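This report concerns only the one structure given below.
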Amino acid sequence: MSSSTTPAAESGSALWAPDRRVPTLALILLVTLAAFEAMSVGTALPTLVAELGGQDLYSWPFTSFLAASVIGTVLSGRVCDRLGPVPSLVVAPGLFFAGLVVAGVADNMWVLLIGRVLQGAGAGAQIVALYVMVALVYPERDRPAAFGALSAAWVVPSLIGPGLAGLATELLSWRVVFLGLAPLVLIGWLLLIPVVKTLRARPDTVPEQPDEPRKGLPLAAVCAAVGLSALTWAAEHPQLSSLFLGLGGLVLLAPSLRRLLPPGTLRGKSGLPVVVLSRGLLSGSFFAVQAYIPLVLSNVHGYSPTLAGVPLTVGSLGWSAAAAWQARQRDVQSEVMIRRGFVLLAVALAGAVLIAPAWGPAWLIYPLWAVAGFGMGTAMPNIAVRVLALSTPADRGFNGAAAQVCDMFGSAALIGLGGVLVGAMASAAQPTAAVIPLDLVMAGFALLGAALISRNVVKS
């Protein structure tokens with residue numbers, strides 16, 4: 001299980017050599033199941049809220065999950081840096097499993113929200129622990145393949161998760177969305193047992209402690225969770241009163257992020273900080289535009305809900321194809337791949353302007369969003385690879401958690417900006433006047449990401 005072992009090189013497989021099959025299978029299964037849950041809840045939400053009488057708390061299943069995920073991410077990073085990934089690998093899937101069961105048997109909204117909090121904490125803690133596990137199990141040359149597999153694990157849930165959840169909710173019960181995944185999570189949890197046993201036997205599992213331990217991370221995590229929840233609520237309810245709530249969230253987030261991110265991240269400082277920042281710019285610009293594609297296709301071009309959602313599927317396929325392709329580009333510098341991803345994304349986001357007017361060629365969004373997905377699949381795994389490469393064993397957890405937090409913050413902030421633009425300049429019924437500047441601004445953010453990451457590229 002050591003990163004210096006050679007069976008993978010001899011077998012030609014970065015992921016499925018005898019010493020890596022079990023961790024690879026556990027990684028893919030756990031991430032796939034978390035993705036299924038994430039993609040399915042929205043489909044079942046109207047039914048479960050109506051049955052539990054929680055109409056006034058409609059968005060809280062998402063908000064509570066997000067807040068708990070931030071806290072779980074940060075605390076897991078701290079645990080991984082102090083004790084290694086083993087404690088989080090043991091506890092996180094258990095929390096997620098318990099959350100599925102609690103939500104699945106809930107008889108009122110408050111119990112459901114407790115289940116969502118457990119799921120969020122488990123999902124956040126799990127992803128950081130899996131990142132650190134990748135650093136221990138796979139040598140640096142094979143990490144693009146591991147993170148490519150992690151990205152690809154989202155594709156099938158993106159394609160069939162909402163449809164399966166809809167059928168299960170309609171034919172059986174919304175509870176199947178949670179309880180149906182629980183046994184599979186238990187299997188993934190059990191698959192980690194041999195991985196945990198092997199890691200425990202290794203002396204490098206627990207890193208040396210840093211000279212200056214970071215203080216205040218738990219409090220900063222709580223403040224960031226509250227601030228990000230407020231920002232997300234404001235993004236989901238674009239109106240004047242929500243604007244003040246969003247500003248309050250930013251006030252809480254600003255000092256928290258200074259503790260939760262590497263110094264210089266928000267200034268785009270070269271090295272690790274700009275790589276972490278690129279995660280937020282990449283996710284934020286992509287998801288801010290994607291959030292309004294179905295709205296434009298439905299309300300401006302008269303597409304059916306099914307056809308309006310197809311670009312999201314096309315984007316997922318492009319993402320998966322790129323994740324597989326980049327894993328084979330072992331001799332290309334990670335920053336170069338990240339820059340290429342940003343440029344592809346910028347082209348797609350700028351091109352999306354053409355579908356915003358009623359006279360625009362709406363069909364163009366299909367190839368454009370395939371390009372956008374390819375850009376994401378090219379850049380995202382390489383960001384994870386580079387974060388690990390720039391981390392010491394004593395701060396892999398912190399830096400992995402920082403990348404996740406930056407992703408959440410970037411997405412919430414830029415999707416919120418889209419909500420503000422729609423509320424101020426247009427309406428959901430006629431969003432064109434707001435979507436055009438939104439697309440151009442997000443393309444600008446993607447170009448900014450490409451320019452910033454270029455400073456990290458080593459000239460050969």
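Every chain in the structure tokens has a letter given in the order shown (A, B, ...), and although residue numbers restart at 1 in each chain, ligands are simply numbered from 1 in the order shown.
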
Hey, what's within 9 Å of region 256-266 of chain A if we count only C-alpha atoms and toss same-chain stuff fewer than 3 positions away? As a PyMOL selection string, please?
-> chain A and resi 74+214-217+219-224+227+252-253+269-270+272-277+398-399+401-403+405-406

Quick one: pick out all helix (DSSP H, G or I) residues within region 165-413 of chain A from a backbone DSSP run and write them as a PyMOL selection string.
-> chain A and resi 165-171+175-179+182-200+217-236+240-260+272-290+293-299+305-326+334-355+362-389+396-413

Enter the distance from CA of Thr313 (chain A) to CA of Pro183 (chain A), in Å, rounded to one decimal.
->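 Separation of CA of Thr313 (chain A) and CA of Pro183 (chain A): 27.1 Å.
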
So how many Å separate CA of Ala384 (chain A) and CA of Pro218 (chain A), to one decimal?
->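 Value for the CA of Ala384 (chain A)-CA of Pro218 (chain A) distance: 23.3 Å.
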
Find the residue from A:Ala26, A:Leu438, A:Ala358, A:Val251 that sits nearest to Ser298 (chain A); use only C-alpha atoms when measuring.
-> A:Ala358

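Across A:Thr432, A:Ser88, A:Asn382, A:Ser158, the tightest approach to His301 (chain A) is made by A:Thr432 when counting only C-alpha atoms.
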
Write out as a list in words the residues lying within 10 Å of Leu48 (chain A), counting only C-alpha atoms and excluding same-chain residues fewer than 3 positions away.
-> Val41, Thr43, Ala44, Leu45, Glu51, Leu52, Gly53, Gly54, Gln55, Tyr58, Ala106, Asn108, Met109, Leu112, Thr169, Ser173, Trp174 and Arg175 of chain A

Show which residues sit within 8 Å of region 365-369 of chain A, as a ChimeraX atom specification. Count only C-alpha atoms, and ignore same-chain residues fewer than 3 positions away.
-> /A:310-312,314-315,318,348-349,351-352,355,362,372-373

Selected residues, N, CA and C atoms, written as a PDB file, in the first residue's frame, please.
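Output file again.pdb is given in full below:
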ATOM      1  N   VAL A 310     -31.027  18.874 -20.827  1.00  0.00           N
ATOM      2  CA  VAL A 310     -30.064  18.068 -21.567  1.00  0.00           C
ATOM      3  C   VAL A 310     -28.654  18.680 -21.568  1.00  0.00           C
ATOM      4  N   PRO A 311     -28.496  20.012 -21.707  1.00  0.00           N
ATOM      5  CA  PRO A 311     -27.138  20.557 -21.665  1.00  0.00           C
ATOM      6  C   PRO A 311     -26.369  20.183 -20.402  1.00  0.00           C
ATOM      7  N   LEU A 312     -27.050  20.059 -19.275  1.00  0.00           N
ATOM      8  CA  LEU A 312     -26.379  19.666 -18.040  1.00  0.00           C
ATOM      9  C   LEU A 312     -25.831  18.252 -18.152  1.00  0.00           C
ATOM     10  N   VAL A 314     -25.009  16.836 -21.070  1.00  0.00           N
ATOM     11  CA  VAL A 314     -23.905  16.947 -22.028  1.00  0.00           C
ATOM     12  C   VAL A 314     -22.645  17.455 -21.328  1.00  0.00           C
ATOM     13  N   GLY A 315     -22.821  18.426 -20.432  1.00  0.00           N
ATOM     14  CA  GLY A 315     -21.682  18.939 -19.684  1.00  0.00           C
ATOM     15  C   GLY A 315     -21.046  17.866 -18.809  1.00  0.00           C
ATOM     16  N   GLY A 318     -18.963  15.622 -21.022  1.00  0.00           N
ATOM     17  CA  GLY A 318     -17.710  16.289 -21.371  1.00  0.00           C
ATOM     18  C   GLY A 318     -16.729  16.276 -20.213  1.00  0.00           C
ATOM     19  N   ALA A 348     -16.572  28.782 -23.647  1.00  0.00           N
ATOM     20  CA  ALA A 348     -17.949  28.290 -23.555  1.00  0.00           C
ATOM     21  C   ALA A 348     -18.858  29.301 -22.866  1.00  0.00           C
ATOM     22  N   LEU A 349     -18.381  29.930 -21.800  1.00  0.00           N
ATOM     23  CA  LEU A 349     -19.206  30.901 -21.064  1.00  0.00           C
ATOM     24  C   LEU A 349     -19.490  32.131 -21.920  1.00  0.00           C
ATOM     25  N   GLY A 351     -19.516  32.167 -25.177  1.00  0.00           N
ATOM     26  CA  GLY A 351     -20.409  31.725 -26.245  1.00  0.00           C
ATOM     27  C   GLY A 351     -21.847  31.590 -25.803  1.00  0.00           C
ATOM     28  N   ALA A 352     -22.045  31.319 -24.500  1.00  0.00           N
ATOM     29  CA  ALA A 352     -23.409  31.162 -23.982  1.00  0.00           C
ATOM     30  C   ALA A 352     -24.224  32.441 -24.112  1.00  0.00           C
ATOM     31  N   ILE A 355     -27.084  32.437 -26.765  1.00  0.00           N
ATOM     32  CA  ILE A 355     -28.390  31.784 -26.607  1.00  0.00           C
ATOM     33  C   ILE A 355     -29.323  32.595 -25.719  1.00  0.00           C
ATOM     34  N   ALA A 362     -30.474  28.581 -29.992  1.00  0.00           N
ATOM     35  CA  ALA A 362     -30.499  27.877 -28.707  1.00  0.00           C
ATOM     36  C   ALA A 362     -29.757  26.550 -28.755  1.00  0.00           C
ATOM     37  N   ALA A 372     -17.557  23.346 -22.078  1.00  0.00           N
ATOM     38  CA  ALA A 372     -17.446  23.784 -20.678  1.00  0.00           C
ATOM     39  C   ALA A 372     -17.150  22.606 -19.764  1.00  0.00           C
ATOM     40  N   GLY A 373     -17.874  21.491 -19.952  1.00  0.00           N
ATOM     41  CA  GLY A 373     -17.626  20.304 -19.143  1.00  0.00           C
ATOM     42  C   GLY A 373     -16.221  19.762 -19.362  1.00  0.00           C
TER      43      GLY A 373
END

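Near Asp81 (chain A), within 8 Å and counting only C-alpha atoms, sit Gly77, Arg78, Val79, Leu83, Gly84, Pro85, Val206, Pro207, Gln209, Pro393, Ala394, Asp395, Arg396, Gly397 and Phe398 of chain A, not including residues fewer than 2 positions from it in the same chain.
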
Please provide the set of residues having any atom within 8 Å of Gly249 (chain A), restricted to only C-alpha atoms, with same-chain residues fewer than 6 positions apart removed, written as a ChimeraX atom specification.
-> /A:226-231

What gap, in Å, lies between CA of Ile127 (chain A) and CA of Pro46 (chain A)?
-> 28.1 Å

Of the listed residues A:Ala121, A:Leu57, A:Val435, A:Leu33, that which approaches Gly72 (chain A) most closely, counting only C-alpha atoms | A:Ala121

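Proximity of A:Gln333, A:Pro162, A:Ser285, A:Leu136 to Thr392 (chain A), computed with only C-alpha atoms, is greatest for A:Leu136.
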
Counting only C-alpha atoms, the option among A:Ile338, A:Ile383, A:Leu448, A:Ala288 closest to Gly418 (chain A) =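 Answer, going by the shortest atom-to-atom distance: A:Ala288.
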
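Among A:Val90, A:Ala146, A:Ala125, A:Val137, the residue with the shortest atom-to-atom distance to Val196 (chain A), counting only C-alpha atoms, is A:Val90.
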